[in-house]
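Undergrad: Before I ask anything, here is the structure I am working with.
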Amino acid sequence: MPDLPTPQNAAEAALLSECWDAVLSYADLCTSGSAAATQLATEAFTHGIGELRAATAASKSTGTGRRALRLPRIPLLLASVRFVAATWEANGLGHRLDPDLRLWLHSDKAARYIGPPLHRPLALRGLMDMQEPDAVLLWLAEVESLPLPAVARRLGLDPAAASIELAQVRALFRDRCHRNHLDTPMDAHCRSYARLLDAVTRSPTAETPDDLSRHMARCVECAEAAACLRLHGGGLPAALSSGVIGWGGLAYLERRRRAAEAGMIGGRADAAVDTGLNEGKPVRPRIGRTGILVAAVLVSGLALTVSLMPFGGSKAGGATAAQDESTDGQTVVDPGPSFPLGSASASGSNPKSGSGSGSKSGSSGLPTVADSTSRPAGNSDQEAQGEPSSPASQQGGVTGSKKSAPPDCQVKYEIVGQWPDGFQATVTVTSTKALATWSLGWTFKDGQHVSQMWDGTFVQDDSHVTATAADYNKTVAANATFTFGFLGSWSGSNSAVREFTLNKASCATVG
């Protein structure tokens with residue numbers, strides 16, 4: 001790590017190690033290069049640690065035992081990144097920041113974080129109103145996407161009761177957000193929907209009335225309240241990250257989720273790191289040097305055995321094989337199809353049609369020399385009946401048919417969260433070819449619409465969407481993977497997309 005504040009004790013040393021990766025991840029989203037990201041993260045970390053120390057000293061000096069309203073550690077440090085970025089913009093260093101962030105810093109959305117407390121985002125106020133252990137549990141589990149056993153161990157909780165504890169904390173967060181929503185200065189129109197909004201979001205099966213849906217489409221504050229109050233449907237992580245972090249909150253959430261899935265949990269010095277194992281994943285045995293040598297010997301022996309096997313090219317081999325046992329009239333050495341005179345093939349096709357077998361394939365899948373002595377009389381001139389018996393037309397043991405080349409890309413479309421009228425999706429693309437830039441297209445079948453995208457930009461024409469690369473992820477190496485995510489709206493149905501094109505070439509869909 002760079003030159004960060006010196007830890008005052010072992011607890012603060014663990015704090016610095018635990019939080020640095022999160023701060024650097026968000027700073028990287030906010031800047032235009034790795035050097036600027038490291039500098040922004042360092043300044044924000046120093047500023048945030050100073051705030052934490054000042055708050056701790058103030059609580060000790062008062063002796064009241066009541067904590068001042070503030071965020072838990074990681075979101076407080078992420079808010080420091082936003083504060084330092086605004087300072088850079090004001091001091092003429094905005095060219096180091098992401099252009100979209102610079103626009104956001106001059107908008108009304110950014111002004112809400114420094115304006116009157118009652119007008120700040122509801123998720124931010126709700127999290128600050130909670131006791132620090134409860135807020136930390138909620139943030140680590142929902143936004144940092146850490147496995148619940150790891151969160152329980154980090155916070156000293158009983159792993160068996162951690163899920164119950166998390167459910168209680170979610171309900172507590174909803175209660176705090178509900179109170180803050182009622183305390184927020186609202187006009188009469190919004191106030192008239194407050195009770196209905198509370199009732200609809202309490203039940204996972206309740207349908208949102210049309211008039212309330214139209215109102216939330218126009219009112220940002222009521223839409224934020226609905227996201228915070230609705231604990232079912234998987235929208236709570238997005239509500240927390242967007243409301244507490246602000247710009248780039250959803251992109252940060254997706255980064256942390258992918259890092260947790262890959263086992264890249266930064267700043268940890270627990271058993272999972274010491275043993276080299278990732279929590280939540282099956283234990284994989286390590287292969288030592290001896291194992292590699294044994295595998296090499298086995299592979300070499302197998303290759304030698306295959307090279308010495310007869311492949312039915314000689315008449316002697318065919319005569320010997322004819323005396324061996326056979327299955328359905330096919331010899332062991334010469335397993336090519338043999339059709340009795342006037343009968344149909346095993347696949348149901350006419351042996352006299354153009355798809356008939358022109359030559360035979362050995363057990364290795366390679367074409368072998370046709371042996372006229374083993375053919376039935378009705379197939380004595382199959383070369384003239386079918387297509388040319390070239391190796392290309394018989395690849396993979398399929399004779400007389402052409403096999404299309406596999407696609408150069410694979411796409412996994414995953415809906416990671418869904419709630420009434422909205423959803424969050426992630427698209428992961430693997431390309432077998434190196435790309436200088438990329439453009440992925442697809443068409444929604446149910447009329448969904450993309451509202452926001454990270455790690456890419458988008459254009460939507462009716463139901464067709466084209467996502468293009470951002471400046472920092474244009475280049476893709478051969479057999480490499482790139483990922484982007486987006487928020488969208490839906491009505492009636494929200495089926496997954498199954499057909500994609502990468503740079504106008506069709507892709508296979510997996511998952």
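Residue numbering restarts at 1 in every chain; chains get A, B, ... in the order shown in the structure tokens, and ligands count up from 1 in that same order.
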Can I get the residues of region 98-152 of chain A within 12 Å of region 24-28 of chain A, each with the closest pair of atoms and their distance in Å to one decimal, using only C-alpha atoms, sorted chain first then ascending number, as a tab-separated table?

TA:
residue	atom	partner	partner_atom	distance
A:Asp98	CA	A:Asp28	CA	9.3
A:Leu101	CA	A:Ala27	CA	11.2
A:Glu144	CA	A:Ser25	CA	11.3

Undergrad: Write the residues of the selection above to a file with N, CA and C atoms, as a tab-separated table (two decimals), in the first residue's frame.

TA:
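Everything below was put into out-v8.tsv:
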chain	number	residue	atom	x	y	z
A	98	ASP	N	-13.05	10.93	-13.77
A	98	ASP	CA	-13.91	10.43	-14.83
A	98	ASP	C	-14.82	11.55	-15.32
A	101	LEU	N	-18.26	11.57	-13.76
A	101	LEU	CA	-18.23	12.00	-12.36
A	101	LEU	C	-18.16	13.52	-12.27
A	144	GLU	N	-20.62	-5.31	0.21
A	144	GLU	CA	-19.32	-5.93	-0.03
A	144	GLU	C	-19.45	-7.38	-0.49

Undergrad: What lies within 9 Å of region 189-192 of chain A using only C-alpha atoms, ignoring chain neighbours under 4 positions off, as a PyMOL selection string?

TA: chain A and resi 182+185+196+215+219+221-222

Undergrad: Generate a file of the selected residues that holds all heavy atoms, formatted as an mmCIF file, in the first residue's frame.

TA:
data_model
loop_
_atom_site.group_PDB
_atom_site.id
_atom_site.type_symbol
_atom_site.label_atom_id
_atom_site.label_comp_id
_atom_site.auth_asym_id
_atom_site.auth_seq_id
_atom_site.Cartn_x
_atom_site.Cartn_y
_atom_site.Cartn_z
ATOM 1 N N LEU A 182 -40.932 9.523 6.579
ATOM 2 C CA LEU A 182 -42.035 10.320 7.116
ATOM 3 C C LEU A 182 -41.566 11.680 7.621
ATOM 4 O O LEU A 182 -42.337 12.647 7.615
ATOM 5 C CB LEU A 182 -42.733 9.556 8.248
ATOM 6 C CG LEU A 182 -43.423 8.247 7.859
ATOM 7 C CD1 LEU A 182 -44.043 7.583 9.075
ATOM 8 C CD2 LEU A 182 -44.471 8.479 6.773
ATOM 9 N N PRO A 185 -39.342 16.487 4.438
ATOM 10 C CA PRO A 185 -40.307 17.477 3.927
ATOM 11 C C PRO A 185 -40.808 17.067 2.547
ATOM 12 O O PRO A 185 -40.030 16.910 1.605
ATOM 13 C CB PRO A 185 -39.482 18.770 3.864
ATOM 14 C CG PRO A 185 -38.353 18.556 4.821
ATOM 15 C CD PRO A 185 -38.036 17.091 4.749
ATOM 16 N N LEU A 196 -49.494 4.223 1.492
ATOM 17 C CA LEU A 196 -49.639 3.198 0.463
ATOM 18 C C LEU A 196 -48.285 2.601 0.100
ATOM 19 O O LEU A 196 -48.151 1.383 -0.080
ATOM 20 C CB LEU A 196 -50.314 3.794 -0.777
ATOM 21 C CG LEU A 196 -50.493 2.845 -1.966
ATOM 22 C CD1 LEU A 196 -51.356 1.651 -1.581
ATOM 23 C CD2 LEU A 196 -51.101 3.596 -3.160
ATOM 24 N N HIS A 215 -46.424 7.649 -10.225
ATOM 25 C CA HIS A 215 -45.862 8.675 -9.346
ATOM 26 C C HIS A 215 -44.378 8.427 -9.091
ATOM 27 O O HIS A 215 -43.564 9.364 -9.143
ATOM 28 C CB HIS A 215 -46.624 8.699 -8.024
ATOM 29 C CG HIS A 215 -46.016 9.611 -7.007
ATOM 30 N ND1 HIS A 215 -46.064 10.991 -7.096
ATOM 31 C CD2 HIS A 215 -45.320 9.334 -5.859
ATOM 32 C CE1 HIS A 215 -45.445 11.529 -6.075
ATOM 33 N NE2 HIS A 215 -44.974 10.553 -5.298
ATOM 34 N N CYS A 219 -41.091 10.848 -9.413
ATOM 35 C CA CYS A 219 -40.569 11.375 -8.149
ATOM 36 C C CYS A 219 -39.355 10.553 -7.712
ATOM 37 O O CYS A 219 -39.488 9.361 -7.384
ATOM 38 C CB CYS A 219 -41.664 11.323 -7.084
ATOM 39 S SG CYS A 219 -41.131 11.945 -5.475
ATOM 40 N N GLU A 221 -37.452 10.960 -4.982
ATOM 41 C CA GLU A 221 -37.439 10.672 -3.549
ATOM 42 C C GLU A 221 -38.342 9.481 -3.204
ATOM 43 O O GLU A 221 -37.966 8.609 -2.410
ATOM 44 C CB GLU A 221 -37.876 11.908 -2.754
ATOM 45 C CG GLU A 221 -36.859 13.043 -2.725
ATOM 46 C CD GLU A 221 -36.831 13.835 -4.016
ATOM 47 O OE1 GLU A 221 -37.741 13.604 -4.876
ATOM 48 O OE2 GLU A 221 -35.939 14.674 -4.184
ATOM 49 N N CYS A 222 -39.520 9.405 -3.790
ATOM 50 C CA CYS A 222 -40.415 8.286 -3.507
ATOM 51 C C CYS A 222 -39.890 6.983 -4.108
ATOM 52 O O CYS A 222 -40.077 5.906 -3.526
ATOM 53 C CB CYS A 222 -41.820 8.584 -4.034
ATOM 54 S SG CYS A 222 -42.694 9.864 -3.089
#

Undergrad: Report the distance between CA of Phe45 (chain A) and CA of Gly485 (chain A) in Å, rounded to one decimal place.

TA: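 Distance between the two atoms: 27.4 Å.
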
Undergrad: Please tabulate, as JSON lines, the residues of region 56-152 of chain A that come within 9 Å of region 164-179 of chain A, each with its closest pair of atoms and the distance in Å to one decimal, counting only C-alpha atoms and ordering rows by chain, then residue number upward.

TA:
{"residue": "A:Leu122", "atom": "CA", "partner": "A:Cys177", "partner_atom": "CA", "distance": 6.1}
{"residue": "A:Ala123", "atom": "CA", "partner": "A:Cys177", "partner_atom": "CA", "distance": 6.7}
{"residue": "A:Arg125", "atom": "CA", "partner": "A:Cys177", "partner_atom": "CA", "distance": 7.3}
{"residue": "A:Gly126", "atom": "CA", "partner": "A:Cys177", "partner_atom": "CA", "distance": 4.8}
{"residue": "A:Leu127", "atom": "CA", "partner": "A:Phe173", "partner_atom": "CA", "distance": 6.8}
{"residue": "A:Asp129", "atom": "CA", "partner": "A:Arg176", "partner_atom": "CA", "distance": 6.8}
{"residue": "A:Met130", "atom": "CA", "partner": "A:Phe173", "partner_atom": "CA", "distance": 7.2}
{"residue": "A:Asp134", "atom": "CA", "partner": "A:Val169", "partner_atom": "CA", "distance": 6.1}
{"residue": "A:Ala135", "atom": "CA", "partner": "A:Val169", "partner_atom": "CA", "distance": 7.9}
{"residue": "A:Leu137", "atom": "CA", "partner": "A:Leu166", "partner_atom": "CA", "distance": 7.1}
{"residue": "A:Leu138", "atom": "CA", "partner": "A:Val169", "partner_atom": "CA", "distance": 6.7}
{"residue": "A:Ala141", "atom": "CA", "partner": "A:Leu166", "partner_atom": "CA", "distance": 8.1}
{"residue": "A:Leu148", "atom": "CA", "partner": "A:Leu166", "partner_atom": "CA", "distance": 8.9}

Undergrad: Kindly save the residues from that selection, with N, CA and C atoms included, as a PDB file, in the first residue's frame.

TA:
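Wrote again-v8.pdb, looks like this:
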ATOM      1  N   LEU A 122     -32.234   8.702   1.369  1.00  0.00           N
ATOM      2  CA  LEU A 122     -32.855   7.983   2.474  1.00  0.00           C
ATOM      3  C   LEU A 122     -31.968   6.845   2.985  1.00  0.00           C
ATOM      4  N   ALA A 123     -31.296   6.128   2.098  1.00  0.00           N
ATOM      5  CA  ALA A 123     -30.427   5.028   2.526  1.00  0.00           C
ATOM      6  C   ALA A 123     -29.272   5.543   3.370  1.00  0.00           C
ATOM      7  N   ARG A 125     -29.269   8.224   5.322  1.00  0.00           N
ATOM      8  CA  ARG A 125     -29.798   8.587   6.647  1.00  0.00           C
ATOM      9  C   ARG A 125     -30.151   7.347   7.461  1.00  0.00           C
ATOM     10  N   GLY A 126     -30.737   6.344   6.804  1.00  0.00           N
ATOM     11  CA  GLY A 126     -31.107   5.128   7.511  1.00  0.00           C
ATOM     12  C   GLY A 126     -29.907   4.386   8.064  1.00  0.00           C
ATOM     13  N   LEU A 127     -28.827   4.313   7.280  1.00  0.00           N
ATOM     14  CA  LEU A 127     -27.628   3.610   7.736  1.00  0.00           C
ATOM     15  C   LEU A 127     -26.951   4.365   8.873  1.00  0.00           C
ATOM     16  N   ASP A 129     -28.398   6.117  11.117  1.00  0.00           N
ATOM     17  CA  ASP A 129     -29.217   6.026  12.326  1.00  0.00           C
ATOM     18  C   ASP A 129     -29.045   4.698  13.055  1.00  0.00           C
ATOM     19  N   MET A 130     -28.397   3.732  12.446  1.00  0.00           N
ATOM     20  CA  MET A 130     -28.253   2.410  13.066  1.00  0.00           C
ATOM     21  C   MET A 130     -27.014   2.366  13.947  1.00  0.00           C
ATOM     22  N   ASP A 134     -24.580  -3.119  13.809  1.00  0.00           N
ATOM     23  CA  ASP A 134     -25.654  -3.488  12.884  1.00  0.00           C
ATOM     24  C   ASP A 134     -25.395  -2.937  11.487  1.00  0.00           C
ATOM     25  N   ALA A 135     -24.926  -1.691  11.420  1.00  0.00           N
ATOM     26  CA  ALA A 135     -24.651  -1.079  10.117  1.00  0.00           C
ATOM     27  C   ALA A 135     -23.508  -1.790   9.399  1.00  0.00           C
ATOM     28  N   LEU A 137     -22.604  -4.967   9.766  1.00  0.00           N
ATOM     29  CA  LEU A 137     -23.114  -6.266   9.310  1.00  0.00           C
ATOM     30  C   LEU A 137     -23.904  -6.112   8.024  1.00  0.00           C
ATOM     31  N   LEU A 138     -24.775  -5.122   7.967  1.00  0.00           N
ATOM     32  CA  LEU A 138     -25.592  -4.910   6.774  1.00  0.00           C
ATOM     33  C   LEU A 138     -24.728  -4.557   5.574  1.00  0.00           C
ATOM     34  N   ALA A 141     -22.448  -7.626   4.310  1.00  0.00           N
ATOM     35  CA  ALA A 141     -23.202  -8.712   3.699  1.00  0.00           C
ATOM     36  C   ALA A 141     -23.889  -8.284   2.409  1.00  0.00           C
ATOM     37  N   LEU A 148     -21.546 -14.962   4.325  1.00  0.00           N
ATOM     38  CA  LEU A 148     -22.052 -14.719   5.672  1.00  0.00           C
ATOM     39  C   LEU A 148     -21.168 -15.342   6.760  1.00  0.00           C
TER      40      LEU A 148
END

Undergrad: For Glu414 (chain A), which of A:Gln39, A:Thr208, A:Thr428, A:Ser493 is the closest residue, counting only C-alpha atoms?

TA: A:Thr428

Undergrad: What separation in Å, quoted to one decimal, exists between CA of Asp455 (chain A) and CA of Leu29 (chain A)?

TA: 9.3 Å

Undergrad: Please return, as JSON, numbers by chain, all residues of region 74-285 of chain A that DSSP assigns to alpha helix (DSSP H) on the basis of the backbone.

TA: {"A": [74, 75, 76, 77, 78, 79, 80, 81, 82, 83, 84, 85, 86, 87, 88, 89, 90, 99, 100, 101, 102, 103, 104, 105, 108, 109, 110, 111, 122, 123, 124, 125, 126, 127, 128, 132, 133, 134, 135, 136, 137, 138, 139, 140, 141, 142, 148, 149, 150, 151, 152, 153, 154, 155, 162, 163, 164, 165, 166, 167, 168, 169, 170, 171, 172, 173, 174, 175, 176, 177, 178, 179, 180, 181, 182, 183, 188, 189, 190, 191, 192, 194, 195, 196, 197, 198, 199, 200, 201, 202, 210, 211, 212, 213, 214, 215, 216, 217, 218, 220, 221, 222, 223, 224, 225, 226, 227, 228, 229, 236, 237, 238, 239, 240, 241, 242, 243, 244, 245, 249, 250, 251, 252, 253, 254, 255, 256, 257, 258, 259, 260, 261, 271, 272, 273, 274]}

Undergrad: Could you produce a table of the residues of region 422-508 of chain A lying within 12 Å of region 234-253 of chain A, with the nearest pair of atoms per residue and their separation in Å rounded to one decimal, using only C-alpha atoms, ordered by chain and increasing residue number, as a tab-separated table?

TA:
residue	atom	partner	partner_atom	distance
A:Gly422	CA	A:Gly235	CA	9.0
A:Phe423	CA	A:Gly235	CA	8.0
A:Gln424	CA	A:Gly235	CA	8.4
A:Ala425	CA	A:Leu250	CA	11.2
A:Thr426	CA	A:Ala251	CA	10.8
A:Gln452	CA	A:Leu250	CA	9.4
A:Met453	CA	A:Ala251	CA	8.4
A:Trp454	CA	A:Ala251	CA	5.7
A:Asp455	CA	A:Ala251	CA	7.5
A:Gly456	CA	A:Ala251	CA	10.5
A:Thr483	CA	A:Ala251	CA	11.2
A:Phe484	CA	A:Ala251	CA	8.8
A:Gly485	CA	A:Ala251	CA	7.7
A:Phe486	CA	A:Leu250	CA	8.6
A:Leu487	CA	A:Leu250	CA	8.9

Undergrad: For the residues selected in the previous step, produce a file with N, CA and C atoms as a PDB file, in the first residue's frame.

TA:
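Wrote result.pdb, looks like this:
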ATOM      1  N   GLY A 422     -38.508  -3.119 -12.126  1.00  0.00           N
ATOM      2  CA  GLY A 422     -37.084  -2.900 -12.352  1.00  0.00           C
ATOM      3  C   GLY A 422     -36.256  -4.151 -12.128  1.00  0.00           C
ATOM      4  N   PHE A 423     -35.028  -4.145 -12.660  1.00  0.00           N
ATOM      5  CA  PHE A 423     -34.129  -5.272 -12.474  1.00  0.00           C
ATOM      6  C   PHE A 423     -32.689  -4.831 -12.718  1.00  0.00           C
ATOM      7  N   GLN A 424     -31.745  -5.666 -12.258  1.00  0.00           N
ATOM      8  CA  GLN A 424     -30.322  -5.463 -12.494  1.00  0.00           C
ATOM      9  C   GLN A 424     -29.770  -6.707 -13.170  1.00  0.00           C
ATOM     10  N   ALA A 425     -28.988  -6.534 -14.201  1.00  0.00           N
ATOM     11  CA  ALA A 425     -28.453  -7.655 -14.972  1.00  0.00           C
ATOM     12  C   ALA A 425     -26.960  -7.483 -15.194  1.00  0.00           C
ATOM     13  N   THR A 426     -26.291  -8.609 -15.364  1.00  0.00           N
ATOM     14  CA  THR A 426     -24.864  -8.647 -15.672  1.00  0.00           C
ATOM     15  C   THR A 426     -24.654  -9.466 -16.932  1.00  0.00           C
ATOM     16  N   GLN A 452     -29.609   2.467 -17.069  1.00  0.00           N
ATOM     17  CA  GLN A 452     -28.266   2.863 -16.655  1.00  0.00           C
ATOM     18  C   GLN A 452     -27.325   1.689 -16.879  1.00  0.00           C
ATOM     19  N   MET A 453     -26.090   1.980 -17.312  1.00  0.00           N
ATOM     20  CA  MET A 453     -25.106   0.936 -17.592  1.00  0.00           C
ATOM     21  C   MET A 453     -23.754   1.359 -17.049  1.00  0.00           C
ATOM     22  N   TRP A 454     -22.975   0.374 -16.544  1.00  0.00           N
ATOM     23  CA  TRP A 454     -21.613   0.630 -16.102  1.00  0.00           C
ATOM     24  C   TRP A 454     -20.666  -0.315 -16.813  1.00  0.00           C
ATOM     25  N   ASP A 455     -19.393   0.100 -16.917  1.00  0.00           N
ATOM     26  CA  ASP A 455     -18.369  -0.614 -17.685  1.00  0.00           C
ATOM     27  C   ASP A 455     -18.750  -0.703 -19.158  1.00  0.00           C
ATOM     28  N   GLY A 456     -19.517   0.283 -19.634  1.00  0.00           N
ATOM     29  CA  GLY A 456     -19.909   0.340 -21.030  1.00  0.00           C
ATOM     30  C   GLY A 456     -20.941   1.434 -21.242  1.00  0.00           C
ATOM     31  N   THR A 483     -16.896  -7.943 -18.791  1.00  0.00           N
ATOM     32  CA  THR A 483     -18.213  -7.930 -18.145  1.00  0.00           C
ATOM     33  C   THR A 483     -18.715  -6.498 -18.025  1.00  0.00           C
ATOM     34  N   PHE A 484     -19.999  -6.319 -18.171  1.00  0.00           N
ATOM     35  CA  PHE A 484     -20.630  -5.042 -17.876  1.00  0.00           C
ATOM     36  C   PHE A 484     -22.008  -5.321 -17.276  1.00  0.00           C
ATOM     37  N   GLY A 485     -22.569  -4.341 -16.636  1.00  0.00           N
ATOM     38  CA  GLY A 485     -23.868  -4.501 -15.994  1.00  0.00           C
ATOM     39  C   GLY A 485     -24.761  -3.309 -16.274  1.00  0.00           C
ATOM     40  N   PHE A 486     -26.046  -3.482 -16.012  1.00  0.00           N
ATOM     41  CA  PHE A 486     -26.974  -2.392 -16.262  1.00  0.00           C
ATOM     42  C   PHE A 486     -28.224  -2.553 -15.399  1.00  0.00           C
ATOM     43  N   LEU A 487     -28.948  -1.465 -15.267  1.00  0.00           N
ATOM     44  CA  LEU A 487     -30.266  -1.437 -14.654  1.00  0.00           C
ATOM     45  C   LEU A 487     -31.305  -1.266 -15.753  1.00  0.00           C
TER      46      LEU A 487
END

Undergrad: Quick one: everything within 12 Å of Asp461 (chain A), counting only C-alpha atoms, minus sequence neighbours fewer than 3 positions away in the same chain. Send it as a list of chain:residue names.

TA: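 In the requested form, the answer reads A:Gly441, A:Trp442, A:Thr443, A:Phe444, A:Gly447, A:Gln448, A:His449, A:Val450, A:Phe458, A:His464, A:Val465, A:Thr466, A:Ala467.
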
Undergrad: Using only C-alpha atoms, can you tell me which of A:Leu93, A:Ala54, A:Val81, A:Ala206 comes closest to Gly233 (chain A)?

TA: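 Looking only at the distances to Gly233 (chain A), the closest residue turns out to be A:Ala206.
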
Undergrad: From the list A:Asp421, A:Asp158, A:Glu89, A:Asp183, which residue is nearest Ser489 (chain A) when using only C-alpha atoms?

TA: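 Smallest distance to Ser489 (chain A) is found for A:Asp421.
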